[in-house]
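Structure data (PDB, C-alpha atoms) from query_21.pdb:
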ATOM      1  CA  MET L   1    -267.168  83.380  37.000
ATOM      2  CA  THR L   2    -268.409  80.382  38.904
ATOM      3  CA  SER L   3    -267.398  78.931  42.229
ATOM      4  CA  LEU L   4    -266.308  75.327  42.719
ATOM      5  CA  ARG L   5    -269.946  74.312  43.321
ATOM      6  CA  GLY L   6    -271.088  75.797  40.023
ATOM      7  CA  ASN L   7    -272.801  78.795  41.587
ATOM      8  CA  PRO L   8    -272.013  82.117  39.999
ATOM      9  CA  ARG L   9    -269.685  84.315  42.035
ATOM     10  CA  PRO L  10    -270.307  88.024  42.137
ATOM     11  CA  ALA L  11    -267.778  90.076  40.214
ATOM     12  CA  PRO L  12    -265.357  92.022  42.384
ATOM     13  CA  ALA L  13    -266.296  95.618  42.993
ATOM     14  CA  SER L  14    -264.570  97.941  40.620
ATOM     15  CA  ASN L  15    -263.812 101.157  42.433
ATOM     16  CA  GLY L  16    -260.771 101.972  40.278
ATOM     17  CA  SER L  17    -258.346 102.099  43.191
ATOM     18  CA  ARG L  18    -256.204  99.038  42.439
ATOM     19  CA  PRO L  19    -256.032  96.605  39.579
ATOM     20  CA  GLY L  20    -256.871  93.056  40.556
ATOM     21  CA  PRO L  21    -254.900  89.921  39.771
ATOM     22  CA  GLY L  22    -254.594  89.245  36.086
ATOM     23  CA  THR L  23    -255.313  92.804  35.090
ATOM     24  CA  ALA L  24    -252.967  95.302  33.569
ATOM     25  CA  GLY L  25    -252.110  98.388  35.558
ATOM     26  CA  THR L  26    -249.490 100.072  37.628
ATOM     27  CA  ASP L  27    -248.463  98.185  40.722
ATOM     28  CA  PRO L  28    -247.623 100.675  43.530
ATOM     29  CA  PHE L  29    -244.766  98.447  44.778
ATOM     30  CA  GLN L  30    -243.275  98.277  41.299
ATOM     31  CA  ALA L  31    -243.628 102.021  40.838
ATOM     32  CA  SER L  32    -241.777 102.776  44.073
ATOM     33  CA  THR L  33    -239.029 100.144  43.914
ATOM     34  CA  GLY L  34    -238.617  99.098  40.305
ATOM     35  CA  VAL L  35    -239.367  95.506  41.265
ATOM     36  CA  GLY L  36    -242.598  93.900  40.271
ATOM     37  CA  PHE L  37    -244.526  91.513  38.096
ATOM     38  CA  ASP L  38    -246.322  92.558  34.929
ATOM     39  CA  ARG L  39    -249.420  90.373  35.049
ATOM     40  CA  SER L  40    -250.470  91.121  31.485
ATOM     41  CA  ALA L  41    -247.126  90.071  29.997
ATOM     42  CA  GLY L  42    -246.297  87.444  32.620
ATOM     43  CA  THR L  43    -242.786  88.817  33.140
ATOM     44  CA  ALA L  44    -240.904  89.966  36.212
ATOM     45  CA  THR L  45    -239.003  93.227  36.467
ATOM     46  CA  ILE L  46    -235.909  93.137  38.635
ATOM     47  CA  ILE L  47    -233.638  96.049  39.458
ATOM     48  CA  ASP L  48    -229.933  95.629  38.833
ATOM     49  CA  VAL L  49    -227.513  94.660  41.593
ATOM     50  CA  ASP L  50    -225.889  98.101  41.831
ATOM     51  CA  SER L  51    -229.271  99.725  42.389
ATOM     52  CA  ALA L  52    -230.062  97.231  45.141
ATOM     53  CA  TYR L  53    -226.743  97.951  46.857
ATOM     54  CA  GLN L  54    -227.342 101.676  46.424
ATOM     55  CA  LEU L  55    -230.751 101.430  48.128
ATOM     56  CA  GLN L  56    -229.325  99.350  50.975
ATOM     57  CA  CYS L  57    -226.415 101.757  51.476
ATOM     58  CA  ALA L  58    -228.688 104.773  51.501
ATOM     59  CA  ALA L  59    -230.943 103.193  54.122
ATOM     60  CA  VAL L  60    -228.091 102.086  56.390
ATOM     61  CA  LEU L  61    -226.207 105.382  56.054
ATOM     62  CA  SER L  62    -229.328 107.368  56.840
ATOM     63  CA  ARG L  63    -229.943 105.410  60.018
ATOM     64  CA  LEU L  64    -226.280 105.537  61.059
ATOM     65  CA  HIS L  65    -226.098 109.266  60.425
ATOM     66  CA  ALA L  66    -229.099 109.935  62.652
ATOM     67  CA  TRP L  67    -227.635 107.774  65.437
ATOM     68  CA  VAL L  68    -224.128 109.235  65.257
ATOM     69  CA  GLU L  69    -225.484 112.783  65.069
ATOM     70  CA  SER L  70    -227.589 112.276  68.194
ATOM     71  CA  VAL L  71    -225.021 110.366  70.295
ATOM     72  CA  VAL L  72    -221.604 111.859  69.551
ATOM     73  CA  PRO L  73    -222.307 115.318  71.070
ATOM     74  CA  SER L  74    -223.237 113.715  74.398
ATOM     75  CA  VAL L  75    -220.510 111.015  74.339
ATOM     76  CA  PRO L  76    -217.377 112.619  72.816
ATOM     77  CA  PRO L  77    -215.196 109.456  72.916
ATOM     78  CA  LEU L  78    -217.468 108.011  70.217
ATOM     79  CA  ALA L  79    -216.335 110.726  67.794
ATOM     80  CA  SER L  80    -213.869 108.242  66.285
ATOM     81  CA  MET L  81    -216.854 106.675  64.517
ATOM     82  CA  VAL L  82    -217.277 109.816  62.447
ATOM     83  CA  THR L  83    -214.188 108.944  60.383
ATOM     84  CA  THR L  84    -215.626 105.546  59.436
ATOM     85  CA  MET L  85    -218.962 107.173  58.702
ATOM     86  CA  LEU L  86    -217.329 109.750  56.404
ATOM     87  CA  LEU L  87    -215.447 106.976  54.591
ATOM     88  CA  ALA L  88    -218.705 105.100  53.998
ATOM     89  CA  ILE L  89    -220.360 108.270  52.706
ATOM     90  CA  ASP L  90    -217.415 108.950  50.388
ATOM     91  CA  LEU L  91    -217.663 105.411  48.989
ATOM     92  CA  TYR L  92    -221.394 105.926  48.435
ATOM     93  CA  VAL L  93    -220.833 109.188  46.573
ATOM     94  CA  ARG L  94    -218.226 107.491  44.361
ATOM     95  CA  GLY L  95    -220.694 104.724  43.488
ATOM     96  CA  ARG L  96    -218.735 101.991  45.285
ATOM     97  CA  TYR L  97    -221.835 100.599  46.954
ATOM     98  CA  GLN L  98    -220.532  97.179  48.028
ATOM     99  CA  GLU L  99    -217.577  98.741  49.812
ATOM    100  CA  CYS L 100    -219.859 101.389  51.313
ATOM    101  CA  LEU L 101    -222.185  98.714  52.632
ATOM    102  CA  SER L 102    -219.237  96.820  54.100
ATOM    103  CA  GLN L 103    -218.021  99.923  55.961
ATOM    104  CA  ALA L 104    -221.522 100.793  57.131
ATOM    105  CA  LEU L 105    -222.188  97.280  58.413
ATOM    106  CA  THR L 106    -218.815  97.243  60.197
ATOM    107  CA  LEU L 107    -219.841 100.447  61.940
ATOM    108  CA  THR L 108    -223.248  98.956  62.768
ATOM    109  CA  VAL L 109    -221.624  95.920  64.408
ATOM    110  CA  HIS L 110    -219.289  98.214  66.357
ATOM    111  CA  ILE L 111    -222.257 100.234  67.613
ATOM    112  CA  GLN L 112    -224.098  97.073  68.679
ATOM    113  CA  GLU L 113    -220.998  95.932  70.606
ATOM    114  CA  LEU L 114    -220.755  99.348  72.296
ATOM    115  CA  ARG L 115    -224.416  99.116  73.288
ATOM    116  CA  ILE L 116    -223.671  95.837  75.083
ATOM    117  CA  LEU L 117    -220.849  97.507  77.034
ATOM    118  CA  TYR L 118    -222.803 100.746  77.601
ATOM    119  CA  PRO L 119    -226.516  99.974  77.906
ATOM    120  CA  ALA L 120    -227.315 103.684  78.296
ATOM    121  CA  LEU L 121    -226.608 104.227  74.589
ATOM    122  CA  PRO L 122    -229.775 104.521  72.519
ATOM    123  CA  PRO L 123    -230.775 101.738  70.112
ATOM    124  CA  LEU L 124    -229.639 102.018  66.537
TER     125      LEU L 124
END

Would it be possible to restate this file's structure as structure tokens?
Amino acid sequence: MTSLRGNPRPAPASNGSRPGPGTAGTDPFQASTGVGFDRSAGTATIIDVDSAYQLQCAAVLSRLHAWVESVVPSVPPLASMVTTMLLAIDLYVRGRYQECLSQALTLTVHIQELRILYPALPPL
């Protein structure tokens, strides 16, 4: 390899930890998410839409569950949110990820509105 001035550039150190650009190998991001770019073939790998919705639902439901579980015992009037949470979980289990995400985001907006009215509530 040479630099723009014609001087030879030293080769990158090869410690075996990560493949460099233009080399074949397993990309850690691709391995964990299913999304990535295969440099050797020049093609992109994209997960399907249902899988993306499933990942989003799982993340939102996990965060909502932790919040509801920590707040409802100390503020019993908020127990009405549990019904919406259970509906979202049921939709997730049935594989209806778009509807699940809609329910979960509705609950998220409701929680944010409650936090404006009651600043003592913890952040989501």

>> Just to confirm, what's the straight-line distance from CA of Val82 (chain L) to CA of Gln56 (chain L) in Å (one decimal)?
In response: 19.7 Å

> Smallest atom-to-atom distance to Gln112 (chain L): which of L:Leu64, L:Gly95, L:Ser70, L:Pro77, using only C-alpha atoms?
Replying inline: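 That would be L:Leu64, the residue with the smallest distance to Gln112 (chain L).
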
> Quick one, how far is CA of His65 (chain L) from CA of Ala120 (chain L)?
Replying inline: 18.8 Å

>> As a check of understanding, name the residues that the PyMOL selection byres ((chain L and resi 59) around 12) selects in the supplied structure, as a PyMOL selection string.
In response: chain L and resi 52-58+60-66+89+92+97+100-101+104-105

> Pick the closest to Leu124 (chain L) from L:Thr84, L:Gln98, L:Thr108, L:Gln103: which is it, counting only C-alpha atoms?
Replying inline: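 With only C-alpha atoms as the atom set, the closest residue is L:Thr108.
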
> Rounded to one decimal in Å, what is the spacing between CA of Thr106 (chain L) and CA of Ser51 (chain L)?
Replying inline: 20.8 Å

>> If we count all atoms listed in the file and set the cut-off at 10 Å, which residues sit around Pro122 (chain L), ignoring sequence neighbours fewer than 3 positions away in its own chain? Please answer as number ranges by chain.
In response: L: 67, 70-71, 111, 115, 118-119

Please, what is the axis-aligned box for every listed atom of region 116-120 of chain L with 3 Å on each side, as centre and edge lengths in Å to one decimal, as lines of an AutoDock Vina configuration file?
center_x = -224.1
center_y = 99.8
center_z = 76.7
size_x = 12.5
size_y = 13.8
size_z = 9.2
